[in-house]
$ cat start06.csv   # CSV, C-alpha atoms
chain,number,residue,atom,x,y,z
A,1464,MET,CA,-38.5,-146.0,90.0
A,1465,ILE,CA,-34.8,-146.8,90.2
A,1466,TYR,CA,-35.3,-148.0,93.7
A,1467,LEU,CA,-38.1,-150.3,92.6
A,1468,ILE,CA,-35.8,-151.9,89.9
A,1469,LEU,CA,-33.0,-152.2,92.4
A,1470,THR,CA,-35.3,-153.9,94.9
A,1471,PHE,CA,-36.4,-156.4,92.3
A,1472,ILE,CA,-32.8,-157.1,91.2
A,1473,LEU,CA,-31.9,-157.7,94.9
A,1474,ILE,CA,-34.9,-159.9,95.5
A,1475,LEU,CA,-34.0,-162.0,92.4
A,1476,LEU,CA,-30.4,-162.3,93.7
A,1477,MET,CA,-31.7,-163.4,97.1
A,1478,ILE,CA,-33.9,-166.1,95.5
A,1479,GLY,CA,-30.9,-167.2,93.5
A,1480,ALA,CA,-28.7,-167.4,96.6
A,1481,ALA,CA,-31.4,-169.3,98.4
A,1482,VAL,CA,-31.8,-171.9,95.6
A,1483,TYR,CA,-27.9,-172.2,95.5
A,1484,ALA,CA,-27.9,-172.8,99.3
A,1485,ILE,CA,-30.4,-175.6,98.9
A,1486,TRP,CA,-28.7,-177.3,95.8
A,1487,GLN,CA,-25.1,-176.9,97.0
A,1488,LYS,CA,-23.7,-180.1,98.5
A,1489,ASP,CA,-20.8,-178.4,100.3
A,1490,LEU,CA,-22.2,-177.0,103.5
A,1491,LEU,CA,-19.6,-174.2,103.7
A,1492,TYR,CA,-20.7,-172.7,100.4
A,1493,ALA,CA,-24.4,-173.1,101.5
A,1494,VAL,CA,-23.7,-171.1,104.7
A,1495,ILE,CA,-21.9,-168.4,102.7
A,1496,ALA,CA,-24.9,-168.2,100.4
A,1497,SER,CA,-27.3,-167.8,103.3
A,1498,GLY,CA,-25.0,-165.0,104.6
A,1499,ILE,CA,-25.3,-163.3,101.2
A,1500,ILE,CA,-29.1,-163.5,101.5
A,1501,SER,CA,-28.9,-161.6,104.8
A,1502,LEU,CA,-26.6,-159.0,103.2
A,1503,LEU,CA,-28.9,-158.4,100.3
A,1504,LEU,CA,-31.9,-158.3,102.7
A,1505,SER,CA,-30.2,-155.6,104.8
A,1506,ILE,CA,-29.7,-153.5,101.6
A,1507,ILE,CA,-33.5,-153.9,100.9
A,1508,PHE,CA,-34.3,-152.8,104.5
A,1509,LEU,CA,-32.1,-149.7,103.9
A,1510,ILE,CA,-34.1,-148.9,100.6
A,1511,LEU,CA,-37.3,-149.3,102.6
A,1512,GLN,CA,-36.0,-146.6,105.0
A,1513,ALA,CA,-35.5,-148.9,108.0
A,1514,PRO,CA,-31.8,-148.3,108.8
A,1515,ASP,CA,-32.2,-149.6,112.3
A,1516,VAL,CA,-33.4,-153.0,111.1
A,1517,ALA,CA,-30.7,-152.9,108.3
A,1518,LEU,CA,-28.0,-152.5,110.9
A,1519,THR,CA,-29.3,-155.4,113.0
A,1520,GLU,CA,-29.6,-157.6,110.0
A,1521,ALA,CA,-26.1,-156.8,108.8
A,1522,ALA,CA,-24.5,-157.4,112.2
A,1523,ILE,CA,-26.4,-160.5,113.2
A,1524,GLY,CA,-27.4,-162.1,109.9
A,1525,VAL,CA,-24.2,-161.6,108.0
A,1526,ALA,CA,-21.5,-161.8,110.7
A,1527,LEU,CA,-22.7,-163.7,113.8
A,1528,THR,CA,-25.0,-166.3,112.3
A,1529,THR,CA,-22.6,-167.2,109.5
A,1530,ILE,CA,-19.7,-167.6,111.9
A,1531,ILE,CA,-21.7,-169.7,114.3
A,1532,PHE,CA,-22.7,-172.0,111.4
A,1533,ILE,CA,-19.1,-172.2,110.3
A,1534,ILE,CA,-18.0,-173.1,113.8
A,1535,ALA,CA,-20.6,-175.9,113.8
A,1536,ILE,CA,-19.5,-177.2,110.4
A,1537,ARG,CA,-15.9,-177.1,111.5
A,1538,ASN,CA,-16.7,-179.4,114.4
A,1539,THR,CA,-18.2,-182.0,112.1
A,1540,VAL,CA,-16.2,-184.4,109.9
A,1541,ARG,CA,-16.5,-184.4,106.1
A,1542,PHE,CA,-17.6,-187.8,104.6
A,1543,GLU,CA,-14.4,-188.0,102.5
A,1544,ASP,CA,-12.1,-187.4,105.4
A,1545,GLU,CA,-13.9,-190.1,107.5
A,1546,HIS,CA,-13.7,-192.5,104.6
A,1547,ASP,CA,-9.9,-191.8,104.2
A,1548,LYS,CA,-9.3,-192.3,107.9
A,1549,LYS,CA,-11.1,-195.7,107.9
A,1550,ILE,CA,-9.0,-196.8,104.9
A,1551,LYS,CA,-5.8,-195.7,106.6
A,1552,GLU,CA,-6.8,-197.7,109.7
A,1553,ASN,CA,-7.6,-200.7,107.4
A,1554,LYS,CA,-11.2,-200.8,108.6
A,1555,ILE,CA,-12.5,-200.7,105.0
A,1556,ILE,CA,-10.9,-202.8,102.2
A,1557,LYS,CA,-10.3,-200.7,99.1
A,1558,PRO,CA,-12.4,-201.9,96.2
A,1559,GLU,CA,-9.4,-202.8,94.0
A,1560,GLU,CA,-7.9,-205.0,96.6
A,1561,GLN,CA,-11.0,-207.2,96.9
B,1126,MET,CA,-36.9,-185.4,94.7
B,1127,LYS,CA,-36.4,-184.0,98.2
B,1128,LYS,CA,-34.9,-180.8,96.8
B,1129,ALA,CA,-37.9,-180.5,94.4
B,1130,ILE,CA,-40.3,-180.9,97.3
B,1131,ILE,CA,-38.4,-178.2,99.2
B,1132,LEU,CA,-38.4,-175.9,96.3
B,1133,ILE,CA,-42.1,-176.4,95.6
B,1134,SER,CA,-43.1,-175.8,99.2
B,1135,LEU,CA,-40.9,-172.7,99.3
B,1136,THR,CA,-42.6,-171.5,96.1
B,1137,ILE,CA,-46.0,-171.9,97.6
B,1138,LEU,CA,-44.9,-170.0,100.7
B,1139,GLY,CA,-43.4,-167.3,98.5
B,1140,VAL,CA,-46.7,-166.9,96.6
B,1141,TYR,CA,-48.6,-166.5,99.8
B,1142,LEU,CA,-46.0,-163.9,101.1
B,1143,ILE,CA,-46.2,-161.9,97.9
B,1144,ASP,CA,-50.0,-162.0,98.2
B,1145,ILE,CA,-49.8,-160.6,101.7
B,1146,PHE,CA,-47.2,-158.0,100.9
B,1147,THR,CA,-49.0,-156.6,97.9
B,1148,GLY,CA,-52.1,-156.2,100.1
B,1149,ILE,CA,-50.1,-154.0,102.5
B,1150,GLY,CA,-49.2,-151.3,100.0
B,1151,PHE,CA,-45.9,-149.9,101.0
B,1152,GLY,CA,-45.5,-146.1,100.7
B,1153,THR,CA,-49.2,-145.3,100.7
B,1154,GLN,CA,-50.9,-143.4,103.5
B,1155,HIS,CA,-52.9,-146.2,105.0
B,1156,PHE,CA,-52.1,-145.5,108.6
B,1157,ALA,CA,-54.0,-142.2,108.4
B,1158,SER,CA,-54.6,-141.8,112.1
B,1159,GLY,CA,-54.0,-143.7,115.2
B,1160,VAL,CA,-51.5,-144.2,117.9
B,1161,LYS,CA,-48.5,-143.3,115.7
B,1162,ASP,CA,-49.2,-139.6,116.1
B,1163,ALA,CA,-48.7,-139.8,119.8
B,1164,TYR,CA,-45.4,-141.5,119.3
B,1165,LEU,CA,-44.2,-139.2,116.5
B,1166,ILE,CA,-45.2,-136.0,118.3
B,1167,GLY,CA,-44.3,-137.2,121.8
B,1168,SER,CA,-40.7,-138.3,120.8
B,1169,LYS,CA,-40.0,-134.9,119.3
B,1170,GLU,CA,-41.8,-132.6,121.7
B,1171,THR,CA,-41.6,-134.1,125.1
B,1172,LEU,CA,-38.6,-136.6,124.9
B,1173,LYS,CA,-36.5,-134.5,122.4
B,1174,VAL,CA,-35.3,-137.7,120.7
B,1175,SER,CA,-34.7,-137.4,116.9
B,1176,ASN,CA,-34.7,-141.2,116.3
B,1177,VAL,CA,-38.3,-142.1,116.8
B,1178,VAL,CA,-37.5,-145.9,116.6
B,1179,THR,CA,-35.2,-145.6,119.6
B,1180,SER,CA,-37.7,-143.5,121.6
B,1181,ILE,CA,-40.4,-146.2,121.0
B,1182,VAL,CA,-38.1,-149.1,121.7
B,1183,VAL,CA,-36.5,-147.7,124.9
B,1184,ASN,CA,-39.1,-145.4,126.4
B,1185,PHE,CA,-42.7,-146.0,125.2
B,1186,ARG,CA,-42.2,-149.7,124.9
B,1187,GLY,CA,-39.2,-150.0,127.3
B,1188,PHE,CA,-40.7,-153.0,129.1
B,1189,ASP,CA,-40.5,-155.1,125.8
B,1190,THR,CA,-36.8,-154.2,125.5
B,1191,LEU,CA,-36.3,-155.5,129.1
B,1192,GLY,CA,-38.0,-158.7,128.0
B,1193,GLU,CA,-35.7,-159.0,125.0
B,1194,VAL,CA,-32.6,-158.5,127.1
B,1195,THR,CA,-33.9,-161.1,129.5
B,1196,VAL,CA,-34.5,-163.6,126.7
B,1197,LEU,CA,-30.9,-163.0,125.4
B,1198,PHE,CA,-29.5,-163.4,129.0
B,1199,LEU,CA,-31.4,-166.7,129.4
B,1200,ALA,CA,-30.2,-168.0,126.0
B,1201,SER,CA,-26.6,-167.2,126.9
B,1202,MET,CA,-27.0,-168.7,130.4
B,1203,ALA,CA,-28.5,-171.9,128.9
B,1204,LEU,CA,-25.7,-172.3,126.4
B,1205,GLY,CA,-23.1,-171.8,129.1
B,1206,GLY,CA,-24.9,-174.3,131.3
B,1207,ILE,CA,-24.9,-176.9,128.6
B,1208,LEU,CA,-21.3,-176.5,127.6
B,1209,TYR,CA,-20.1,-175.8,131.2
B,1210,LYS,CA,-18.2,-179.1,131.8
B,1211,LYS,CA,-15.9,-178.5,128.9
B,1212,ARG,CA,-14.9,-175.1,130.1
B,1213,HIS,CA,-12.5,-175.8,132.9
B,1214,ASP,CA,-9.7,-177.0,130.7
B,1215,VAL,CA,-9.7,-173.9,128.5
B,1216,GLY,CA,-6.2,-173.6,127.1
B,1217,GLU,CA,-5.0,-173.4,123.6
B,1218,ARG,CA,-7.8,-173.9,121.2
B,1219,SER,CA,-7.5,-176.6,118.5
B,1220,VAL,CA,-7.6,-175.0,115.1
B,1221,LEU,CA,-7.6,-176.6,111.7
B,1222,PHE,CA,-5.7,-173.8,110.0
B,1223,PRO,CA,-3.4,-171.5,112.0
B,1224,SER,CA,-3.8,-168.0,110.8
B,1225,THR,CA,-1.0,-166.3,108.8
B,1226,ARG,CA,0.9,-163.2,109.8
B,1227,ILE,CA,-1.1,-161.0,107.5
B,1228,VAL,CA,-4.4,-162.1,109.1
B,1229,MET,CA,-2.9,-161.5,112.6
B,1230,SER,CA,-1.7,-158.0,111.8
B,1231,GLY,CA,-4.9,-157.1,110.1
B,1232,ALA,CA,-7.0,-158.3,112.9
B,1233,LYS,CA,-4.9,-156.4,115.4
B,1234,LEU,CA,-5.4,-153.3,113.3
B,1235,LEU,CA,-9.1,-153.7,112.7
B,1236,PHE,CA,-10.1,-154.7,116.3
B,1237,PRO,CA,-10.0,-151.2,117.9
B,1238,SER,CA,-11.8,-149.6,115.1
B,1239,ILE,CA,-14.6,-152.2,115.2
B,1240,VAL,CA,-15.0,-151.7,118.9
B,1241,LEU,CA,-15.0,-147.9,118.4
B,1242,LEU,CA,-17.7,-148.2,115.7
B,1243,GLY,CA,-19.9,-150.3,118.0
B,1244,ALA,CA,-19.4,-147.8,120.9
B,1245,TYR,CA,-20.4,-145.0,118.5
B,1246,VAL,CA,-23.5,-146.8,117.3
B,1247,PHE,CA,-24.8,-147.4,120.9
B,1248,ILE,CA,-23.8,-144.0,122.3
B,1249,HIS,CA,-25.5,-142.2,119.4
B,1250,GLY,CA,-28.5,-144.6,119.5
B,1251,HIS,CA,-31.0,-141.8,120.0
B,1252,LEU,CA,-29.5,-139.5,117.3
B,1253,SER,CA,-28.7,-141.9,114.4
B,1254,PRO,CA,-29.8,-145.3,113.3
B,1255,GLY,CA,-28.7,-148.1,115.6
B,1256,GLY,CA,-28.7,-148.6,119.3
B,1257,GLY,CA,-27.7,-150.9,122.0
B,1258,PHE,CA,-28.4,-154.2,120.3
B,1259,GLN,CA,-26.7,-153.2,117.0
B,1260,GLY,CA,-23.7,-151.7,118.8
B,1261,GLY,CA,-23.3,-154.6,121.1
B,1262,THR,CA,-23.4,-157.0,118.2
B,1263,ILE,CA,-20.7,-155.1,116.3
B,1264,ILE,CA,-18.4,-155.1,119.4
B,1265,ALA,CA,-19.0,-158.9,119.7
B,1266,THR,CA,-18.0,-159.3,116.1
B,1267,GLY,CA,-14.7,-157.5,116.8
B,1268,PHE,CA,-14.0,-159.9,119.7
B,1269,LEU,CA,-15.0,-162.8,117.4
B,1270,LEU,CA,-12.3,-161.7,114.9
B,1271,MET,CA,-9.7,-161.7,117.6
B,1272,LEU,CA,-10.8,-165.0,119.0
B,1273,ILE,CA,-10.7,-166.7,115.6
B,1274,THR,CA,-7.4,-165.2,114.6
B,1275,TYR,CA,-5.3,-165.7,117.8
B,1276,ARG,CA,-5.5,-169.2,119.1
B,1277,ASN,CA,-4.8,-168.3,122.7
B,1278,TYR,CA,-6.6,-165.0,122.9
B,1279,SER,CA,-8.8,-165.3,126.0
B,1280,VAL,CA,-11.5,-163.2,127.5
B,1281,SER,CA,-12.1,-163.3,131.3
B,1282,HIS,CA,-15.4,-164.9,131.9
B,1283,ASN,CA,-15.7,-163.3,135.3
B,1284,ARG,CA,-15.2,-159.9,133.8
B,1285,LEU,CA,-17.8,-160.6,131.2
B,1286,SER,CA,-20.3,-161.6,133.9
B,1287,TYR,CA,-19.5,-158.5,136.0
B,1288,VAL,CA,-20.1,-156.2,133.0
B,1289,GLU,CA,-23.3,-158.1,132.1
B,1290,SER,CA,-24.7,-158.1,135.6
B,1291,PHE,CA,-23.9,-154.4,136.2
B,1292,ALA,CA,-25.5,-153.4,132.9
B,1293,GLY,CA,-28.6,-155.4,133.7
B,1294,ILE,CA,-28.9,-154.0,137.3
B,1295,LEU,CA,-28.4,-150.5,135.9
B,1296,PHE,CA,-31.3,-151.0,133.4
B,1297,ILE,CA,-33.6,-152.4,136.1
B,1298,GLY,CA,-32.5,-149.7,138.6
B,1299,LEU,CA,-33.3,-146.9,136.2
B,1300,GLY,CA,-36.7,-148.5,135.6
B,1301,LEU,CA,-37.4,-148.7,139.3
B,1302,ALA,CA,-36.2,-145.1,139.8
B,1303,GLY,CA,-38.7,-144.1,137.2
B,1304,TYR,CA,-41.3,-146.0,139.1
B,1305,PHE,CA,-40.6,-144.4,142.4
B,1306,ILE,CA,-40.2,-140.8,141.1
B,1307,ASN,CA,-42.6,-140.6,138.2
B,1308,ASN,CA,-45.1,-143.4,139.0
B,1309,SER,CA,-44.4,-145.6,136.0
B,1310,PHE,CA,-41.7,-148.2,135.2
B,1311,LEU,CA,-38.9,-146.8,133.0
B,1312,ALA,CA,-40.3,-143.3,133.1
B,1313,ASN,CA,-38.0,-140.5,132.2
B,1314,ILE,CA,-36.3,-139.1,135.4
B,1315,PHE,CA,-33.7,-136.8,133.8
B,1316,PRO,CA,-34.2,-133.5,132.0
B,1317,ALA,CA,-35.0,-134.0,128.3
B,1318,GLY,CA,-32.4,-131.6,127.0
B,1319,LYS,CA,-32.3,-130.2,123.5
B,1320,LEU,CA,-33.3,-131.9,120.2
B,1321,ASN,CA,-30.3,-133.4,118.3
B,1322,ASP,CA,-28.0,-132.9,121.3
B,1323,LEU,CA,-25.9,-135.8,122.6
B,1324,PHE,CA,-27.3,-135.4,126.1
B,1325,SER,CA,-30.9,-135.4,125.0
B,1326,GLY,CA,-33.8,-137.8,125.7
B,1327,GLY,CA,-33.0,-138.1,129.4
B,1328,VAL,CA,-32.8,-141.7,130.4
B,1329,ILE,CA,-32.7,-143.2,126.9
B,1330,GLY,CA,-29.1,-142.7,126.2
B,1331,ILE,CA,-28.0,-144.2,129.5
B,1332,ILE,CA,-30.3,-147.3,129.0
B,1333,TYR,CA,-28.9,-147.8,125.5
B,1334,VAL,CA,-25.3,-147.7,126.7
B,1335,ALA,CA,-26.2,-150.3,129.4
B,1336,VAL,CA,-28.0,-152.5,126.8
B,1337,GLY,CA,-25.0,-152.2,124.5
B,1338,PHE,CA,-22.6,-153.3,127.2
B,1339,LYS,CA,-24.9,-156.2,128.1
B,1340,VAL,CA,-25.4,-157.5,124.6
B,1341,ALA,CA,-21.7,-157.2,123.8
B,1342,ALA,CA,-20.8,-159.2,126.9
B,1343,GLU,CA,-23.4,-161.8,126.3
B,1344,LEU,CA,-22.6,-162.4,122.7
B,1345,THR,CA,-18.9,-162.5,123.4
B,1346,GLY,CA,-19.5,-165.0,126.1
B,1347,ILE,CA,-21.6,-167.2,123.7
B,1348,ILE,CA,-19.0,-167.1,121.0
B,1349,TYR,CA,-16.2,-167.8,123.5
B,1350,THR,CA,-18.0,-170.8,124.9
B,1351,VAL,CA,-18.8,-172.2,121.5
B,1352,LEU,CA,-15.3,-171.7,120.2
B,1353,HIS,CA,-13.6,-173.3,123.1
B,1354,GLU,CA,-15.9,-176.3,123.2
B,1355,LYS,CA,-13.6,-179.4,122.7
B,1356,ASP,CA,-14.7,-182.8,121.7
$ encode --input "start06.csv" --output "structure tokens"
Amino acid sequence: MIYLILTFILILLMIGAAVYAIWQKDLLYAVIASGIISLLLSIIFLILQAPDVALTEAAIGVALTTIIFIIAIRNTVRFEDEHDKKIKENKIIKPEEQ
Amino acid sequence: MKKAIILISLTILGVYLIDIFTGIGFGTQHFASGVKDAYLIGSKETLKVSNVVTSIVVNFRGFDTLGEVTVLFLASMALGGILYKKRHDVGERSVLFPSTRIVMSGAKLLFPSIVLLGAYVFIHGHLSPGGGFQGGTIIATGFLLMLITYRNYSVSHNRLSYVESFAGILFIGLGLAGYFINNSFLANIFPAGKLNDLFSGGVIGIIYVAVGFKVAAELTGIIYTVLHEKD
């Protein structure tokens, strides 16, 4: 019974993290939220007595996938940074100077 | 609007998944008879392996595992092929934030224990949960920690490919030895040993050690290639 309640709490947390990952504008936070989904899912696999799958999910879903997404995000440029760079190079005229 | 559409479609998918999963009935005896008895009895009686999942993955369905390893190898090779032209000028990696002394010392302290945990997981793959894939991934995570922390930490690509090729050849060689000795690919050619012993299960432990080395080398190579890709 207690495992059933725990499973439902974990599933609700997973759904919450998934919704957060969709609504969040900052990609880094969204990736961390999707890593939290994998972590909670590995705990659910452990409760369902599948420790092999739980280990795989914890190692690949939490660590490797998150890090590869973070590397991909690091190679992109944020919109604000790009905008600041263009202002510095005088490619865009600031609104107050118009 | 777009997010609302995504949420609605995810809800529909979730309802269908709940419908499917409630029909399965976890924890009930609905697989009363069938092929599972052969696996459950065979792994304990003839193979002397206490982790039934491992005995199915490596021995009864060993050919599938060979396919999985091949898929991983092809993925790693394709990634290396796409990013190959950027690799010859591998020097100091460009980092946004150089890591602090605390992170460097912590990574140096954690790295051997992570590798040891991975080695434990794939050596004891036939006794405890885990196996070659999990252990290899844990080792790759340790190398990832070092690669992220130190900006000029380098792994020899030649050494990685030697390890990977040797492990793959060992896997296929053991399979072929099983074919020539016991008339079936990946058949057990070593004595089964005692249940819950480290040297039990015959060929399973050796294959899982090979798979662990192969997966660790492949994933480390993938991470190294992706991290050192310069624009």
$ residues_around --input "start06.csv" --residues "B:Gly1293" --least-positions-apart "2" --cutoff "10 Å" --atoms "only C-alpha atoms" --output "compact mmCIF listing (two decimals) with C-alpha atoms, keeping the file's coordinate frame"
# COMPACT_ATOMS: atom_id res chain seq x y z
CA LEU B 1191 -36.30 -155.50 129.10
CA VAL B 1194 -32.60 -158.50 127.10
CA THR B 1195 -33.90 -161.10 129.50
CA PHE B 1198 -29.50 -163.40 129.00
CA TYR B 1287 -19.50 -158.50 136.00
CA VAL B 1288 -20.10 -156.20 133.00
CA GLU B 1289 -23.30 -158.10 132.10
CA SER B 1290 -24.70 -158.10 135.60
CA PHE B 1291 -23.90 -154.40 136.20
CA LEU B 1295 -28.40 -150.50 135.90
CA PHE B 1296 -31.30 -151.00 133.40
CA ILE B 1297 -33.60 -152.40 136.10
CA GLY B 1298 -32.50 -149.70 138.60
CA ILE B 1332 -30.30 -147.30 129.00
CA ALA B 1335 -26.20 -150.30 129.40
CA VAL B 1336 -28.00 -152.50 126.80
CA PHE B 1338 -22.60 -153.30 127.20
CA LYS B 1339 -24.90 -156.20 128.10
CA VAL B 1340 -25.40 -157.50 124.60
$ interface_residues --input "start06.csv" --of "chain A" --to "chain B" --cutoff "9 Å" --atoms "only C-alpha atoms" --output "list in words"
Val1482, Ile1485, Trp1486, Leu1511, Ala1513, Pro1514, Asp1515, Val1516, Ala1517, Leu1518, Thr1519, Glu1520, Ala1521, Ala1522, Ile1523, Ala1526, Leu1527, Ile1530, Ile1531, Ile1534, Ala1535, Arg1537 and Asn1538 of chain A
$ atom_distance --input "start06.csv" --atom1 "atom CA of A:Ala1496" --atom2 "atom CA of A:Leu1476"
10.5 Å
$ atom_distance --input "start06.csv" --atom1 "atom CA of B:Gly1318" --atom2 "atom CA of B:Val1183"
16.7 Å
$ atom_distance --input "start06.csv" --atom1 "atom CA of B:Leu1138" --atom2 "atom CA of A:Ile1474"
15.1 Å
$ axis_aligned_box --input "start06.csv" --around "stretch 1244-1248 of chain B" --padding-each-side "6 Å" --output "lines of an AutoDock Vina configuration file"
center_x = -22.1
center_y = -145.9
center_z = 119.8
size_x = 17.4
size_y = 15.8
size_z = 17.0
